[in-house]
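*Asks:* The structure file upload-v3.cif (mmCIF, N, CA and C atoms) is provided below.
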```
data_coords
loop_
_atom_site.label_atom_id
_atom_site.label_comp_id
_atom_site.auth_asym_id
_atom_site.auth_seq_id
_atom_site.Cartn_x
_atom_site.Cartn_y
_atom_site.Cartn_z
N MET A 1 142.41 293.99 55.67
CA MET A 1 141.01 294.00 55.30
C MET A 1 140.17 293.61 56.51
N THR A 2 139.00 294.19 56.56
CA THR A 2 138.02 293.86 57.58
C THR A 2 136.72 293.55 56.88
N ASP A 3 136.17 292.36 57.12
CA ASP A 3 134.92 291.95 56.49
C ASP A 3 134.96 292.11 54.97
N GLY A 4 136.12 291.81 54.37
CA GLY A 4 136.26 291.91 52.93
C GLY A 4 136.44 293.33 52.40
N LYS A 5 136.58 294.30 53.29
CA LYS A 5 136.75 295.70 52.89
C LYS A 5 138.16 296.16 53.24
N HIS A 6 138.75 296.95 52.34
CA HIS A 6 140.05 297.55 52.64
C HIS A 6 139.88 298.56 53.77
N VAL A 7 140.86 298.57 54.67
CA VAL A 7 140.83 299.48 55.82
C VAL A 7 141.69 300.70 55.51
N ILE A 8 141.09 301.87 55.64
CA ILE A 8 141.77 303.14 55.41
C ILE A 8 141.86 303.88 56.75
N LEU A 9 143.07 304.26 57.14
CA LEU A 9 143.26 305.06 58.35
C LEU A 9 143.37 306.52 57.95
N LEU A 10 142.48 307.34 58.52
CA LEU A 10 142.51 308.79 58.32
C LEU A 10 142.99 309.44 59.60
N VAL A 11 144.01 310.30 59.50
CA VAL A 11 144.54 310.99 60.67
C VAL A 11 144.49 312.49 60.39
N ASP A 12 143.63 313.19 61.14
CA ASP A 12 143.47 314.64 60.96
C ASP A 12 142.80 315.18 62.21
N ASP A 13 143.13 316.40 62.60
CA ASP A 13 142.52 316.99 63.78
C ASP A 13 141.23 317.74 63.47
N ASP A 14 140.79 317.68 62.22
CA ASP A 14 139.55 318.35 61.79
C ASP A 14 138.45 317.28 61.63
N GLN A 15 137.59 317.17 62.63
CA GLN A 15 136.56 316.12 62.60
C GLN A 15 135.62 316.27 61.42
N ASP A 16 135.31 317.51 61.03
CA ASP A 16 134.43 317.71 59.87
C ASP A 16 135.05 317.13 58.60
N LEU A 17 136.34 317.34 58.42
CA LEU A 17 137.02 316.79 57.25
C LEU A 17 137.03 315.26 57.32
N LEU A 18 137.33 314.71 58.49
CA LEU A 18 137.30 313.25 58.66
C LEU A 18 135.92 312.70 58.30
N ASP A 19 134.89 313.36 58.78
CA ASP A 19 133.52 312.90 58.51
C ASP A 19 133.22 312.90 57.01
N SER A 20 133.61 313.96 56.32
CA SER A 20 133.31 314.05 54.89
C SER A 20 134.06 312.98 54.10
N ILE A 21 135.33 312.75 54.42
CA ILE A 21 136.09 311.71 53.72
C ILE A 21 135.53 310.34 54.06
N ARG A 22 135.22 310.11 55.33
CA ARG A 22 134.69 308.81 55.76
C ARG A 22 133.40 308.49 55.02
N LEU A 23 132.50 309.46 54.90
CA LEU A 23 131.23 309.23 54.20
C LEU A 23 131.45 308.79 52.76
N VAL A 24 132.34 309.45 52.06
CA VAL A 24 132.61 309.11 50.67
C VAL A 24 133.25 307.72 50.58
N LEU A 25 134.24 307.47 51.43
CA LEU A 25 134.94 306.18 51.35
C LEU A 25 134.02 305.02 51.73
N GLU A 26 133.23 305.19 52.77
CA GLU A 26 132.31 304.12 53.16
C GLU A 26 131.27 303.85 52.08
N LYS A 27 130.82 304.90 51.43
CA LYS A 27 129.85 304.75 50.33
C LYS A 27 130.45 303.91 49.20
N HIS A 28 131.77 303.95 49.06
CA HIS A 28 132.44 303.21 47.99
C HIS A 28 133.07 301.90 48.49
N GLY A 29 132.63 301.43 49.64
CA GLY A 29 133.00 300.10 50.09
C GLY A 29 134.24 299.96 50.94
N TYR A 30 134.76 301.05 51.46
CA TYR A 30 135.94 300.99 52.32
C TYR A 30 135.53 301.01 53.78
N HIS A 31 136.36 300.39 54.61
CA HIS A 31 136.19 300.46 56.07
C HIS A 31 137.15 301.55 56.55
N VAL A 32 136.64 302.56 57.24
CA VAL A 32 137.44 303.70 57.65
C VAL A 32 137.62 303.73 59.16
N VAL A 33 138.88 303.93 59.59
CA VAL A 33 139.18 304.17 60.99
C VAL A 33 139.83 305.54 61.08
N GLU A 34 139.63 306.22 62.20
CA GLU A 34 140.07 307.61 62.32
C GLU A 34 140.93 307.81 63.55
N ALA A 35 141.76 308.86 63.47
CA ALA A 35 142.54 309.33 64.61
C ALA A 35 142.60 310.85 64.51
N LEU A 36 142.51 311.51 65.66
CA LEU A 36 142.49 312.97 65.70
C LEU A 36 143.85 313.60 66.00
N SER A 37 144.88 312.77 66.21
CA SER A 37 146.22 313.30 66.48
C SER A 37 147.25 312.29 65.97
N ALA A 38 148.49 312.74 65.89
CA ALA A 38 149.56 311.85 65.46
C ALA A 38 149.73 310.70 66.45
N GLU A 39 149.67 311.01 67.72
CA GLU A 39 149.82 309.97 68.76
C GLU A 39 148.71 308.93 68.64
N GLU A 40 147.48 309.40 68.47
CA GLU A 40 146.35 308.49 68.30
C GLU A 40 146.50 307.71 66.99
N GLY A 41 147.09 308.35 65.98
CA GLY A 41 147.31 307.69 64.70
C GLY A 41 148.22 306.48 64.82
N VAL A 42 149.29 306.60 65.60
CA VAL A 42 150.20 305.47 65.81
C VAL A 42 149.47 304.33 66.50
N SER A 43 148.73 304.67 67.54
CA SER A 43 147.99 303.66 68.29
C SER A 43 146.96 302.95 67.41
N THR A 44 146.21 303.73 66.63
CA THR A 44 145.19 303.17 65.75
C THR A 44 145.84 302.33 64.65
N TYR A 45 146.98 302.78 64.13
CA TYR A 45 147.70 302.01 63.12
C TYR A 45 148.06 300.62 63.66
N LYS A 46 148.62 300.58 64.86
CA LYS A 46 149.03 299.31 65.46
C LYS A 46 147.83 298.38 65.67
N LYS A 47 146.72 298.95 66.10
CA LYS A 47 145.53 298.17 66.42
C LYS A 47 144.81 297.68 65.16
N GLU A 48 144.64 298.55 64.18
CA GLU A 48 143.78 298.28 63.02
C GLU A 48 144.50 297.68 61.81
N LYS A 49 145.82 297.87 61.72
CA LYS A 49 146.59 297.36 60.58
C LYS A 49 145.93 297.74 59.24
N PRO A 50 145.88 299.04 58.95
CA PRO A 50 145.19 299.51 57.74
C PRO A 50 145.92 299.11 56.46
N ASP A 51 145.18 299.16 55.35
CA ASP A 51 145.73 298.87 54.04
C ASP A 51 146.33 300.13 53.40
N LEU A 52 145.91 301.30 53.89
CA LEU A 52 146.39 302.58 53.36
C LEU A 52 146.15 303.63 54.43
N VAL A 53 147.04 304.63 54.48
CA VAL A 53 146.96 305.69 55.49
C VAL A 53 146.92 307.04 54.79
N ILE A 54 146.04 307.91 55.29
CA ILE A 54 146.00 309.31 54.83
C ILE A 54 146.15 310.17 56.07
N VAL A 55 147.19 311.01 56.08
CA VAL A 55 147.51 311.79 57.27
C VAL A 55 147.64 313.27 56.91
N ASP A 56 147.08 314.12 57.76
CA ASP A 56 147.18 315.56 57.57
C ASP A 56 148.60 316.02 57.91
N LEU A 57 149.10 316.97 57.16
CA LEU A 57 150.44 317.51 57.42
C LEU A 57 150.48 318.26 58.74
N MET A 58 149.56 319.21 58.91
CA MET A 58 149.59 320.07 60.10
C MET A 58 148.41 319.77 61.01
N MET A 59 148.74 319.20 62.15
CA MET A 59 147.71 318.91 63.15
C MET A 59 148.06 319.67 64.41
N GLU A 60 148.27 318.96 65.51
CA GLU A 60 148.55 319.63 66.78
C GLU A 60 149.86 320.42 66.75
N GLU A 61 150.77 320.02 65.88
CA GLU A 61 152.00 320.75 65.65
C GLU A 61 152.20 320.87 64.15
N VAL A 62 152.97 321.85 63.73
CA VAL A 62 153.14 322.13 62.31
C VAL A 62 153.63 320.90 61.54
N ASP A 63 154.56 320.14 62.09
CA ASP A 63 155.11 319.00 61.36
C ASP A 63 154.62 317.65 61.90
N ALA A 64 153.49 317.65 62.58
CA ALA A 64 152.98 316.41 63.18
C ALA A 64 152.77 315.32 62.14
N GLY A 65 152.33 315.67 60.96
CA GLY A 65 152.10 314.68 59.92
C GLY A 65 153.38 314.01 59.46
N THR A 66 154.43 314.78 59.22
CA THR A 66 155.69 314.18 58.78
C THR A 66 156.32 313.35 59.90
N VAL A 67 156.18 313.79 61.14
CA VAL A 67 156.68 313.01 62.27
C VAL A 67 155.93 311.68 62.35
N LEU A 68 154.62 311.72 62.16
CA LEU A 68 153.82 310.49 62.18
C LEU A 68 154.27 309.53 61.08
N VAL A 69 154.50 310.03 59.89
CA VAL A 69 154.95 309.18 58.79
C VAL A 69 156.27 308.51 59.16
N LYS A 70 157.19 309.26 59.74
CA LYS A 70 158.48 308.69 60.15
C LYS A 70 158.27 307.59 61.20
N GLU A 71 157.36 307.83 62.14
CA GLU A 71 157.07 306.83 63.18
C GLU A 71 156.49 305.56 62.57
N LEU A 72 155.56 305.73 61.61
CA LEU A 72 154.97 304.56 60.96
C LEU A 72 156.02 303.77 60.19
N LYS A 73 156.90 304.48 59.50
CA LYS A 73 157.97 303.80 58.75
C LYS A 73 158.91 303.08 59.71
N ALA A 74 159.19 303.68 60.88
CA ALA A 74 160.04 303.04 61.88
C ALA A 74 159.39 301.76 62.42
N LEU A 75 158.05 301.71 62.39
CA LEU A 75 157.32 300.52 62.82
C LEU A 75 157.29 299.46 61.72
N GLY A 76 157.83 299.80 60.56
CA GLY A 76 157.86 298.85 59.45
C GLY A 76 156.71 298.97 58.48
N ALA A 77 156.02 300.09 58.49
CA ALA A 77 154.86 300.29 57.60
C ALA A 77 155.26 300.14 56.14
N LYS A 78 154.55 299.28 55.44
CA LYS A 78 154.75 299.06 54.01
C LYS A 78 153.55 299.58 53.20
N GLU A 79 152.47 299.90 53.90
CA GLU A 79 151.25 300.37 53.24
C GLU A 79 151.49 301.74 52.61
N PRO A 80 150.75 302.04 51.53
CA PRO A 80 150.84 303.39 50.97
C PRO A 80 150.40 304.42 52.01
N ILE A 81 151.17 305.51 52.10
CA ILE A 81 150.84 306.60 53.01
C ILE A 81 150.76 307.87 52.18
N TYR A 82 149.65 308.56 52.32
CA TYR A 82 149.42 309.81 51.60
C TYR A 82 149.30 310.95 52.60
N MET A 83 149.86 312.09 52.23
CA MET A 83 149.75 313.29 53.05
C MET A 83 148.59 314.12 52.52
N LEU A 84 147.86 314.71 53.44
CA LEU A 84 146.77 315.62 53.11
C LEU A 84 147.25 317.01 53.50
N SER A 85 147.27 317.93 52.53
CA SER A 85 147.86 319.23 52.80
C SER A 85 147.18 320.34 52.04
N SER A 86 147.07 321.48 52.69
CA SER A 86 146.58 322.67 52.00
C SER A 86 147.73 323.33 51.24
N MET A 87 148.95 322.83 51.46
CA MET A 87 150.13 323.37 50.77
C MET A 87 150.29 322.77 49.38
N GLY A 88 149.66 321.63 49.13
CA GLY A 88 149.71 321.00 47.81
C GLY A 88 151.11 320.63 47.37
N ASP A 89 151.38 320.79 46.09
CA ASP A 89 152.66 320.36 45.54
C ASP A 89 153.84 321.17 46.06
N SER A 90 153.61 322.35 46.63
CA SER A 90 154.73 323.11 47.17
C SER A 90 155.37 322.37 48.34
N LEU A 91 154.63 321.45 48.96
CA LEU A 91 155.17 320.63 50.05
C LEU A 91 156.39 319.85 49.59
N THR A 92 156.35 319.35 48.39
CA THR A 92 157.43 318.48 47.91
C THR A 92 158.26 319.11 46.80
N SER A 93 158.23 320.43 46.68
CA SER A 93 158.97 321.06 45.60
C SER A 93 160.48 320.86 45.75
N ALA A 94 160.98 320.77 46.97
CA ALA A 94 162.41 320.57 47.19
C ALA A 94 162.74 319.13 47.53
N THR A 95 161.76 318.36 47.97
CA THR A 95 161.98 316.98 48.39
C THR A 95 160.95 316.07 47.74
N PRO A 96 161.39 315.03 47.06
CA PRO A 96 160.42 314.10 46.45
C PRO A 96 159.55 313.41 47.51
N TYR A 97 158.33 313.02 47.11
CA TYR A 97 157.41 312.33 48.02
C TYR A 97 158.08 311.15 48.70
N SER A 98 158.80 310.35 47.91
CA SER A 98 159.40 309.13 48.45
C SER A 98 160.43 309.43 49.54
N ASP A 99 161.12 310.56 49.44
CA ASP A 99 162.08 310.93 50.49
C ASP A 99 161.38 311.23 51.80
N LEU A 100 160.10 311.59 51.73
CA LEU A 100 159.32 311.86 52.93
C LEU A 100 158.62 310.59 53.43
N GLY A 101 158.78 309.49 52.69
CA GLY A 101 158.12 308.24 53.06
C GLY A 101 156.69 308.16 52.57
N LEU A 102 156.36 309.00 51.60
CA LEU A 102 154.98 309.10 51.11
C LEU A 102 154.80 308.47 49.74
N SER A 103 153.57 308.04 49.50
CA SER A 103 153.18 307.59 48.16
C SER A 103 152.68 308.76 47.33
N GLY A 104 152.28 309.85 48.00
CA GLY A 104 151.79 311.03 47.30
C GLY A 104 151.16 312.02 48.26
N VAL A 105 150.66 313.11 47.70
CA VAL A 105 150.03 314.18 48.48
C VAL A 105 148.68 314.52 47.87
N PHE A 106 147.66 314.60 48.71
CA PHE A 106 146.35 315.09 48.30
C PHE A 106 146.23 316.52 48.78
N GLN A 107 145.82 317.39 47.88
CA GLN A 107 145.65 318.79 48.25
C GLN A 107 144.24 319.04 48.76
N LYS A 108 144.15 319.86 49.81
CA LYS A 108 142.85 320.30 50.31
C LYS A 108 142.41 321.50 49.49
N PRO A 109 141.15 321.66 49.17
CA PRO A 109 140.08 320.69 49.42
C PRO A 109 140.29 319.46 48.54
N ILE A 110 139.97 318.33 49.09
CA ILE A 110 140.28 317.06 48.44
C ILE A 110 139.34 316.81 47.26
N ASP A 111 139.91 316.31 46.18
CA ASP A 111 139.15 315.92 45.00
C ASP A 111 138.81 314.44 45.19
N PHE A 112 137.56 314.16 45.51
CA PHE A 112 137.16 312.79 45.85
C PHE A 112 137.30 311.83 44.68
N ASN A 113 137.10 312.30 43.44
CA ASN A 113 137.28 311.41 42.29
C ASN A 113 138.73 310.96 42.18
N SER A 114 139.67 311.88 42.38
CA SER A 114 141.10 311.53 42.36
C SER A 114 141.44 310.59 43.51
N LEU A 115 140.90 310.88 44.67
CA LEU A 115 141.14 310.04 45.84
C LEU A 115 140.69 308.61 45.57
N LEU A 116 139.48 308.44 45.07
CA LEU A 116 138.94 307.11 44.81
C LEU A 116 139.73 306.38 43.72
N THR A 117 140.15 307.10 42.69
CA THR A 117 140.95 306.50 41.63
C THR A 117 142.28 306.00 42.18
N ILE A 118 142.94 306.79 42.98
CA ILE A 118 144.23 306.40 43.55
C ILE A 118 144.07 305.23 44.51
N LEU A 119 143.01 305.23 45.32
CA LEU A 119 142.78 304.12 46.23
C LEU A 119 142.60 302.82 45.45
N ARG A 120 141.81 302.85 44.40
CA ARG A 120 141.60 301.65 43.59
C ARG A 120 142.92 301.16 42.99
N GLU A 121 143.74 302.09 42.49
CA GLU A 121 145.03 301.72 41.90
C GLU A 121 145.97 301.13 42.96
N LYS A 122 146.10 301.80 44.08
CA LYS A 122 147.06 301.37 45.11
C LYS A 122 146.65 300.09 45.81
N LEU A 123 145.34 299.85 45.87
CA LEU A 123 144.85 298.67 46.58
C LEU A 123 144.51 297.52 45.64
N GLY A 124 144.90 297.69 44.36
CA GLY A 124 144.73 296.60 43.40
C GLY A 124 143.31 296.29 43.04
N GLN A 125 142.45 297.31 43.04
CA GLN A 125 141.04 297.11 42.67
C GLN A 125 140.84 297.58 41.23
N THR A 126 139.83 297.02 40.60
CA THR A 126 139.54 297.43 39.22
C THR A 126 138.35 298.34 39.16
#
```
As a first step, turn the structure in this file into structure tokens.

*Replies:*
Amino acid sequence: MTDGKHVILLVDDDQDLLDSIRLVLEKHGYHVVEALSAEEGVSTYKKEKPDLVIVDLMMEEVDAGTVLVKELKALGAKEPIYMLSSMGDSLTSATPYSDLGLSGVFQKPIDFNSLLTILREKLGQT
């Protein structure tokens, strides 16, 4: 937490998408930090110690998101990690979310009501 606000790390190479999610989350009382690549995501994770992470599946490389999740887990990440994907549930049709180190997947375009509900649940807010 920073200044009494939960810290959410967003990792995506699409600045417009980051901006739209950040605006919604900040409006609802979250502190948002961003990274534009998997490499920057690891660095920002170490520096900011977020309460929850949302990472895009496909960034600079097709599997950059899953590689980032593995790196975060190797660092001992216990925070909920969600994948953001235009592939939706087909991403995990053969592999459960937990096998990928994920708490779940948000499909693009993102449903902000679902996002906010899940954040409240995962971060213990009412």

*Asks:* Any chance you could list, as a PyMOL selection string, the residues in chain A that come up strand (DSSP E) when DSSP is run on the backbone?

*Replies:* chain A and resi 7-11+31-35+52-56+81-85+104-107

*Asks:* Could you give me, as number ranges by chain, the residues that sit within 6.5 Å of (146.3, 312.5, 62.1) in the file's coordinates, counting all atoms listed in the file?

*Replies:* A: 10-13, 35-38, 41, 54-56

*Asks:* Give me, please, the distance in Å between atom CA of A:Met58 and atom N of A:Phe112, quoted to one decimal.

*Replies:*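 Result for atom CA of A:Met58 versus atom N of A:Phe112: 19.8 Å, one decimal.
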
*Asks:* Considering only N, CA and C atoms, can you say which of A:Leu57, A:His6, A:Leu52, A:Ser43 comes closest to A:Gly29?

*Replies:*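 Once distances to A:Gly29 are computed over only N, CA and C atoms, the minimum belongs to A:His6.
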
*Asks:* Nearest residue to A:Ser20 out of A:Val42, A:Lys78, A:Val62, A:Ile110, using only C-alpha atoms?

*Replies:*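 Smallest separation from A:Ser20 among the options: A:Ile110.
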
*Asks:* Of the residues A:Leu17, A:Leu102, A:Ala64, A:Met1, which is the one nearest to A:Pro80, using only N, CA and C atoms?

*Replies:*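 Ranked by minimum distance to A:Pro80, first place goes to A:Leu102.
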
*Asks:* Take atom CA of A:Leu75 and atom CA of A:Tyr45 and report the distance between them in Å, one decimal.

*Replies:*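 Answer for the atom CA of A:Leu75 to atom CA of A:Tyr45 separation: 9.7 Å.
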
*Asks:* As a check of understanding, name the residues that the PyMOL selection byres ((chain A and resi 51) around 5) selects in the supplied structure, as an NGL selection string.

*Replies:* :A and (7-8 or 49-50 or 52-53 or 79)

*Asks:* So how many Å separate atom N of A:Gly124 and atom N of A:Asp14, to one decimal?

*Replies:* 27.1 Å

*Asks:* Nearest to A:Val33: which of A:Thr2, A:Asp16, A:Leu116, A:Met59 is it, counting only C-alpha atoms?

*Replies:* A:Thr2

*Asks:* Would you please extract all alpha helix (DSSP H) residues from stretch 3-125 of chain A, as assigned by DSSP on the backbone, and give them as a ChimeraX atom specification?

*Replies:* /A:15-27,38-48,64-74,112-122

*Asks:* Box for stretch 11-30 of chain A - axis-aligned, 6 Å on each of the six sides, all listed atoms - centre and size in Å to one decimal, as AutoDock Vina command-line options.

*Replies:*
```
--center_x 137.2 --center_y 309.2 --center_z 55.9 --size_x 26.7 --size_y 30.4 --size_z 27.8
```

*Asks:* So, counting all atoms listed in the file, which residue among A:Val105, A:Lys47, A:Lys70, A:Leu18 is closest to A:Met83?

*Replies:* A:Val105

*Asks:* Can you pull stretch 45-57 of chain A out of that block with all heavy atoms and hand it back as a compact mmCIF listing (two decimals), in the first residue's frame?

*Replies:*
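Written file, result06.txt:
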```txt
# COMPACT_ATOMS: atom_id res chain seq x y z
N TYR A 45 8.18 -3.96 -10.40
CA TYR A 45 7.69 -4.86 -9.35
C TYR A 45 8.63 -4.80 -8.13
O TYR A 45 8.17 -4.66 -7.00
CB TYR A 45 7.60 -6.30 -9.87
CG TYR A 45 7.24 -7.28 -8.80
CD1 TYR A 45 5.91 -7.49 -8.46
CD2 TYR A 45 8.22 -7.97 -8.10
CE1 TYR A 45 5.56 -8.38 -7.44
CE2 TYR A 45 7.89 -8.86 -7.08
CZ TYR A 45 6.57 -9.05 -6.77
OH TYR A 45 6.23 -9.91 -5.75
N LYS A 46 9.92 -4.92 -8.38
CA LYS A 46 10.90 -4.90 -7.28
C LYS A 46 10.87 -3.57 -6.53
O LYS A 46 10.96 -3.54 -5.30
CB LYS A 46 12.31 -5.13 -7.82
CG LYS A 46 12.55 -6.54 -8.31
CD LYS A 46 13.96 -6.63 -8.89
CE LYS A 46 14.28 -7.99 -9.44
NZ LYS A 46 15.62 -8.02 -10.04
N LYS A 47 10.72 -2.48 -7.26
CA LYS A 47 10.76 -1.15 -6.67
C LYS A 47 9.47 -0.82 -5.92
O LYS A 47 9.50 -0.28 -4.81
CB LYS A 47 11.00 -0.11 -7.77
CG LYS A 47 11.01 1.31 -7.29
CD LYS A 47 11.21 2.28 -8.44
CE LYS A 47 11.05 3.71 -7.96
NZ LYS A 47 10.93 4.64 -9.08
N GLU A 48 8.33 -1.13 -6.50
CA GLU A 48 7.03 -0.67 -5.98
C GLU A 48 6.33 -1.65 -5.05
O GLU A 48 5.44 -1.25 -4.31
CB GLU A 48 6.09 -0.34 -7.15
CG GLU A 48 6.60 0.76 -8.06
CD GLU A 48 6.61 2.13 -7.41
OE1 GLU A 48 5.88 2.34 -6.42
OE2 GLU A 48 7.35 3.00 -7.89
N LYS A 49 6.68 -2.93 -5.11
CA LYS A 49 6.04 -3.95 -4.28
C LYS A 49 4.51 -3.85 -4.33
O LYS A 49 3.85 -3.55 -3.32
CB LYS A 49 6.55 -3.86 -2.85
CG LYS A 49 8.04 -4.11 -2.75
CD LYS A 49 8.54 -3.93 -1.35
CE LYS A 49 10.02 -4.20 -1.20
NZ LYS A 49 10.92 -3.63 -2.15
N PRO A 50 3.93 -4.09 -5.50
CA PRO A 50 2.48 -3.93 -5.67
C PRO A 50 1.68 -4.98 -4.90
O PRO A 50 2.18 -6.03 -4.53
CB PRO A 50 2.28 -4.11 -7.18
CG PRO A 50 3.40 -5.02 -7.58
CD PRO A 50 4.56 -4.61 -6.72
N ASP A 51 0.40 -4.66 -4.71
CA ASP A 51 -0.53 -5.57 -4.05
C ASP A 51 -1.17 -6.52 -5.05
O ASP A 51 -1.70 -7.57 -4.66
CB ASP A 51 -1.64 -4.77 -3.35
CG ASP A 51 -1.06 -3.86 -2.28
OD1 ASP A 51 -0.42 -4.37 -1.35
OD2 ASP A 51 -1.24 -2.62 -2.40
N LEU A 52 -1.15 -6.16 -6.34
CA LEU A 52 -1.75 -6.97 -7.39
C LEU A 52 -1.10 -6.56 -8.71
O LEU A 52 -0.74 -5.39 -8.88
CB LEU A 52 -3.26 -6.74 -7.44
CG LEU A 52 -4.07 -7.64 -8.36
CD1 LEU A 52 -5.36 -8.07 -7.66
CD2 LEU A 52 -4.41 -6.93 -9.66
N VAL A 53 -0.96 -7.53 -9.63
CA VAL A 53 -0.31 -7.28 -10.91
C VAL A 53 -1.26 -7.68 -12.03
O VAL A 53 -1.89 -8.74 -11.97
CB VAL A 53 1.01 -8.09 -11.04
CG1 VAL A 53 1.67 -7.86 -12.39
CG2 VAL A 53 1.97 -7.76 -9.89
N ILE A 54 -1.32 -6.83 -13.06
CA ILE A 54 -2.07 -7.15 -14.29
C ILE A 54 -1.08 -7.02 -15.43
O ILE A 54 -0.48 -5.96 -15.63
CB ILE A 54 -3.26 -6.21 -14.50
CG1 ILE A 54 -4.24 -6.31 -13.32
CG2 ILE A 54 -3.97 -6.53 -15.82
CD1 ILE A 54 -5.37 -5.29 -13.36
N VAL A 55 -0.88 -8.11 -16.17
CA VAL A 55 0.13 -8.13 -17.22
C VAL A 55 -0.48 -8.60 -18.54
O VAL A 55 -1.27 -9.54 -18.58
CB VAL A 55 1.33 -9.02 -16.81
CG1 VAL A 55 0.90 -10.42 -16.49
CG2 VAL A 55 2.41 -9.02 -17.87
N ASP A 56 -0.11 -7.93 -19.62
CA ASP A 56 -0.57 -8.31 -20.95
C ASP A 56 0.15 -9.58 -21.39
O ASP A 56 1.33 -9.77 -21.10
CB ASP A 56 -0.29 -7.18 -21.94
CG ASP A 56 -0.91 -7.41 -23.30
OD1 ASP A 56 -1.94 -8.12 -23.39
OD2 ASP A 56 -0.38 -6.88 -24.29
N LEU A 57 -0.56 -10.45 -22.08
CA LEU A 57 0.03 -11.68 -22.57
C LEU A 57 1.07 -11.40 -23.64
O LEU A 57 2.20 -11.86 -23.56
CB LEU A 57 -1.06 -12.61 -23.14
CG LEU A 57 -0.56 -13.86 -23.85
CD1 LEU A 57 0.17 -14.78 -22.88
CD2 LEU A 57 -1.73 -14.59 -24.49
```
